[in-house]
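Peer 1: Before I ask anything, let me first share the structure, which is written out below as structure tokens.
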Amino acid sequence: IVQVNLAPGLAGLPLGPLIADRTGLPVYVDLHPRVQALGDRWFGQGRGLSTFASLYAGEALGVGLVLNGSVHRGPGGAGGEIGHSIVQVDGLPCHCGRRGCWETIATHRWLRDEAARLNLPSASTLTVGPLTRLAAKGHPGAAQLFDRYVDNLAVGIANVQQILAPGLFILHGDVVAGGEALRGRIEQRVRRRTAAHPGSRPQIAFSALHDDSTLLGAAGLVLSHFLQLTP
């Protein structure tokens with residue numbers, strides 16, 4: 001493990017070899033969003049597609065990219081840290097030690113801090129589903145917070161679309177609880193923020209695999225190595 005910002009004590013832990021020693025089996029370790037993307041590619045809405053993005057939003061934010069049929073990893077697995085791309089210069093401090101990362105404005109931490117400032121009910125444990133329901137009921141401040149959260153997600157997705165044009169973004173995690181009201185608004189705002197191009201119009205979809213995508217992707221990772229396929 002190179003680094004886990006939410007659990008810094010795990011940095012440097014040789015997780016793969018430790019499990020391999022205890023089980024006597026080969027072990028493959030990869031970043032959660034990349035394994036999630038592999039699950040989408042083998043078993044979800046990414047089947048048959050050569051290029052798409054798999055996004056997780058909740059306590060953390062991550063994006064797995066499938067580009068030209070392969071999960072993008074970068075040299076030594078360094079690629080894909082899109083949650084730590086800068087969206088606000090000199091913005092809020094991030095767990096990674098830098099400022100203005102996309103994660104600082106599009107995860108539960110930001111949502112709950114803003115909910116507390118607005119005196120929304122159960123602010124310290126608020127997630128997207130309850131916020132969506134509060135907004136639908138017209139609770140003071142909820143609709144505005146919902147709208148800002150949509151914008152915060154859309155700006156990062158638009159950046160990915162502008163740079164790599166994956167076209168389809170498959171959303172996972174707590175964000176799915178926002179329902180069609182959230183999905184439709186994100187798609188609308190991403191399209192508004194990106195240049196129109198006939199080759200790739202951004203689409204937002206919720207995962208049909210629910211919480212199983214990453215587990216299925218982990219199985220796919222093992223099978224890819226076993227069958228000597230490109231994961």
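Every chain in the structure tokens has a letter given in the order shown (A, B, ...), and although residue numbers restart at 1 in each chain, ligands are simply numbered from 1 in the order shown.
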Which residues, written as a PyMOL selection string, have at least one atom at most 9 Å from Gly167 of chain A, with only C-alpha atoms counted and residues fewer than 6 positions away on the same chain left out?
Peer 2: chain A and resi 51-53+161+199-204
Peer 1: Segment 27-114 of chain A: which residues are strand (DSSP E) by DSSP, as a list of chain:residue names?
Peer 2: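 Assigned to strand (DSSP E), within segment 27-114 of chain A: A:Phe52, A:Ala53, A:Ser54, A:Leu55, A:Tyr56, A:Ala57, A:Leu61, A:Gly62, A:Val63, A:Gly64, A:Leu65, A:Val66, A:Leu67, A:Ser70, A:Val71.
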Peer 1: Those same residues - C-alpha atoms - I'd like them written as a PDB file, in the first residue's frame.
Peer 2:
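Writing the result to selection11.pdb gives the following:
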```pdb
ATOM      1  CA  PHE A  52     -15.885   4.791 -20.018  1.00  0.00           C
ATOM      2  CA  ALA A  53     -15.414   6.104 -16.470  1.00  0.00           C
ATOM      3  CA  SER A  54     -16.506   4.493 -13.199  1.00  0.00           C
ATOM      4  CA  LEU A  55     -16.993   7.019 -10.394  1.00  0.00           C
ATOM      5  CA  TYR A  56     -17.399   6.386  -6.661  1.00  0.00           C
ATOM      6  CA  ALA A  57     -18.717   9.219  -4.462  1.00  0.00           C
ATOM      7  CA  LEU A  61     -14.137  10.217  -4.269  1.00  0.00           C
ATOM      8  CA  GLY A  62     -12.463   8.141  -6.930  1.00  0.00           C
ATOM      9  CA  VAL A  63     -12.648   7.460 -10.657  1.00  0.00           C
ATOM     10  CA  GLY A  64     -11.603   4.319 -12.492  1.00  0.00           C
ATOM     11  CA  LEU A  65     -10.973   4.796 -16.216  1.00  0.00           C
ATOM     12  CA  VAL A  66     -11.276   2.221 -18.971  1.00  0.00           C
ATOM     13  CA  LEU A  67      -9.489   3.602 -22.024  1.00  0.00           C
ATOM     14  CA  SER A  70      -7.953  -1.479 -20.672  1.00  0.00           C
ATOM     15  CA  VAL A  71      -8.186  -0.125 -17.133  1.00  0.00           C
TER      16      VAL A  71
END
```
Peer 1: Between segment 126-192 of chain A and segment 78-99 of chain A, at 12 Å or less, what are the per-residue closest atom pairs and their distances in Å? Count only C-alpha atoms, order by chain and rising residue number, and return it as a Markdown table.
Peer 2:
```
| residue | atom | partner | partner_atom | distance |
| --- | --- | --- | --- | --- |
| A:Asp151 | CA | A:Val87 | CA | 11.7 |
| A:Asn152 | CA | A:Val87 | CA | 9.1 |
| A:Leu153 | CA | A:Gly83 | CA | 10.4 |
| A:Ala154 | CA | A:Val87 | CA | 11.1 |
| A:Val155 | CA | A:Val87 | CA | 7.7 |
| A:Gly156 | CA | A:Val87 | CA | 7.2 |
| A:Ile157 | CA | A:Ile82 | CA | 9.5 |
| A:Ala158 | CA | A:Val87 | CA | 11.0 |
| A:Asn159 | CA | A:Val87 | CA | 9.0 |
| A:Val160 | CA | A:Ile82 | CA | 8.2 |
| A:Gln161 | CA | A:Ile82 | CA | 11.9 |
| A:Ile163 | CA | A:Ile82 | CA | 11.6 |
| A:Leu164 | CA | A:Gly80 | CA | 11.7 |
```
Peer 1: Find the residues near Ala208 of chain A: any atom within 10 Å, counting only C-alpha atoms, skip ones fewer than 4 places away on the same chain, and give them as an MDAnalysis selection string.
Peer 2: chainID A and resid 40 43:45 170:172 212:213
Peer 1: For Val128 of chain A, which of A:Gly184, A:Gly58, A:Gly77, A:Gly39 is the closest residue, counting only C-alpha atoms?
Peer 2: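 Once distances to Val128 of chain A are computed over only C-alpha atoms, the minimum belongs to A:Gly58.
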Peer 1: Would you mind reading off the distance between atom CA of Glu59 of chain A and atom CA of His108 of chain A, one decimal, in Å?
Peer 2: 5.1 Å
Peer 1: Taking only C-alpha atoms into account, which of A:Arg133, A:Arg148, A:Arg191, A:His139 comes nearest Ala165 of chain A?
Peer 2: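 Among the listed residues, the smallest separation from Ala165 of chain A belongs to A:Arg191.
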Peer 1: Determine the nearest neighbour of Arg193 of chain A from the options A:Gly173, A:Val150, A:Leu25, A:Gln162, counting only C-alpha atoms.
Peer 2: A:Gln162
Peer 1: Which of chain A counts as alpha helix (DSSP H) under DSSP, as JSON, numbers by chain please?
Peer 2: {"A": [15, 16, 17, 18, 19, 20, 21, 22, 23, 32, 33, 34, 35, 36, 37, 38, 39, 40, 41, 42, 43, 108, 109, 110, 111, 112, 113, 114, 115, 116, 117, 128, 129, 130, 131, 132, 133, 134, 135, 136, 142, 143, 144, 145, 146, 147, 148, 149, 150, 151, 152, 153, 154, 155, 156, 157, 158, 159, 160, 161, 162, 163, 164, 179, 180, 181, 182, 183, 184, 185, 186, 187, 188, 189, 190, 191, 192, 193, 213, 214, 215, 216, 217, 218, 219, 220, 221, 222, 223, 224, 225, 226]}
Peer 1: Which is closer to Thr125 of chain A than all the others in A:Thr194, A:Gly141, A:Ala219, A:Leu111, using only C-alpha atoms?
Peer 2: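 Counting only C-alpha atoms, the residue closest to Thr125 of chain A is A:Leu111.
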Peer 1: For atom CA of Arg112 of chain A and atom CA of Leu10 of chain A, determine how far apart the two atoms are, in Å to one decimal place.
Peer 2: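 The value is 25.8 Å.
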Peer 1: Please provide the set of residues having any atom within 9 Å of segment 114-117 of chain A, restricted to only C-alpha atoms, with same-chain residues fewer than 3 positions apart removed, written as number ranges by chain.
Peer 2: A: 109-111, 120-124, 126, 131, 141-142, 145
Peer 1: For a quick check of understanding, using only C-alpha atoms, which of A:Leu216, A:Glu187, A:Gln228, A:Arg73 has the smallest distance to Arg34 of chain A?
Peer 2: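 With only C-alpha atoms as the atom set, the closest residue is A:Arg73.
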Peer 1: Any idea what's packed within 9 Å of Ile1 of chain A, counting only C-alpha atoms, ignoring anything in its chain fewer than 3 positions away? Could you give it as a PDB file with N, CA and C atoms, in the first residue's frame?
Peer 2:
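What landed in around14.pdb:
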```pdb
ATOM      1  N   VAL A   4      -2.917   5.662   2.173  1.00  0.00           N
ATOM      2  CA  VAL A   4      -4.360   5.739   2.367  1.00  0.00           C
ATOM      3  C   VAL A   4      -4.607   6.984   3.206  1.00  0.00           C
ATOM      4  N   LEU A  10      -1.691   2.756   7.433  1.00  0.00           N
ATOM      5  CA  LEU A  10      -1.543   1.641   6.500  1.00  0.00           C
ATOM      6  C   LEU A  10      -0.477   1.890   5.443  1.00  0.00           C
ATOM      7  N   ALA A  11       0.049   3.104   5.361  1.00  0.00           N
ATOM      8  CA  ALA A  11       1.053   3.430   4.346  1.00  0.00           C
ATOM      9  C   ALA A  11       2.251   2.500   4.465  1.00  0.00           C
ATOM     10  N   GLY A  12       2.644   1.919   3.349  1.00  0.00           N
ATOM     11  CA  GLY A  12       3.801   1.036   3.314  1.00  0.00           C
ATOM     12  C   GLY A  12       3.516  -0.403   3.690  1.00  0.00           C
ATOM     13  N   LEU A  13       2.288  -0.723   4.093  1.00  0.00           N
ATOM     14  CA  LEU A  13       1.965  -2.096   4.482  1.00  0.00           C
ATOM     15  C   LEU A  13       2.039  -3.026   3.268  1.00  0.00           C
ATOM     16  N   PRO A  14       2.836  -4.104   3.327  1.00  0.00           N
ATOM     17  CA  PRO A  14       2.935  -5.049   2.200  1.00  0.00           C
ATOM     18  C   PRO A  14       1.739  -6.001   2.199  1.00  0.00           C
ATOM     19  N   LEU A  15       0.577  -5.498   1.914  1.00  0.00           N
ATOM     20  CA  LEU A  15      -0.670  -6.237   2.061  1.00  0.00           C
ATOM     21  C   LEU A  15      -0.695  -7.512   1.219  1.00  0.00           C
ATOM     22  N   GLY A  16      -0.309  -7.388  -0.047  1.00  0.00           N
ATOM     23  CA  GLY A  16      -0.328  -8.553  -0.927  1.00  0.00           C
ATOM     24  C   GLY A  16       0.519  -9.705  -0.403  1.00  0.00           C
ATOM     25  N   VAL A  29      -3.308  -6.756  -5.800  1.00  0.00           N
ATOM     26  CA  VAL A  29      -3.830  -5.578  -5.107  1.00  0.00           C
ATOM     27  C   VAL A  29      -3.958  -4.438  -6.119  1.00  0.00           C
TER      28      VAL A  29
END
```
Peer 1: Could you please determine the separation between atom CA of Leu31 of chain A and atom CA of Arg183 of chain A in Å, to one decimal place?
Peer 2: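 A separation of 25.0 Å between them.
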Peer 1: Considering only C-alpha atoms, state which residue in the set A:Ile105, A:Ala135, A:Leu223, A:Val176 is at the smallest distance from Pro26 of chain A.
Peer 2: A:Leu223
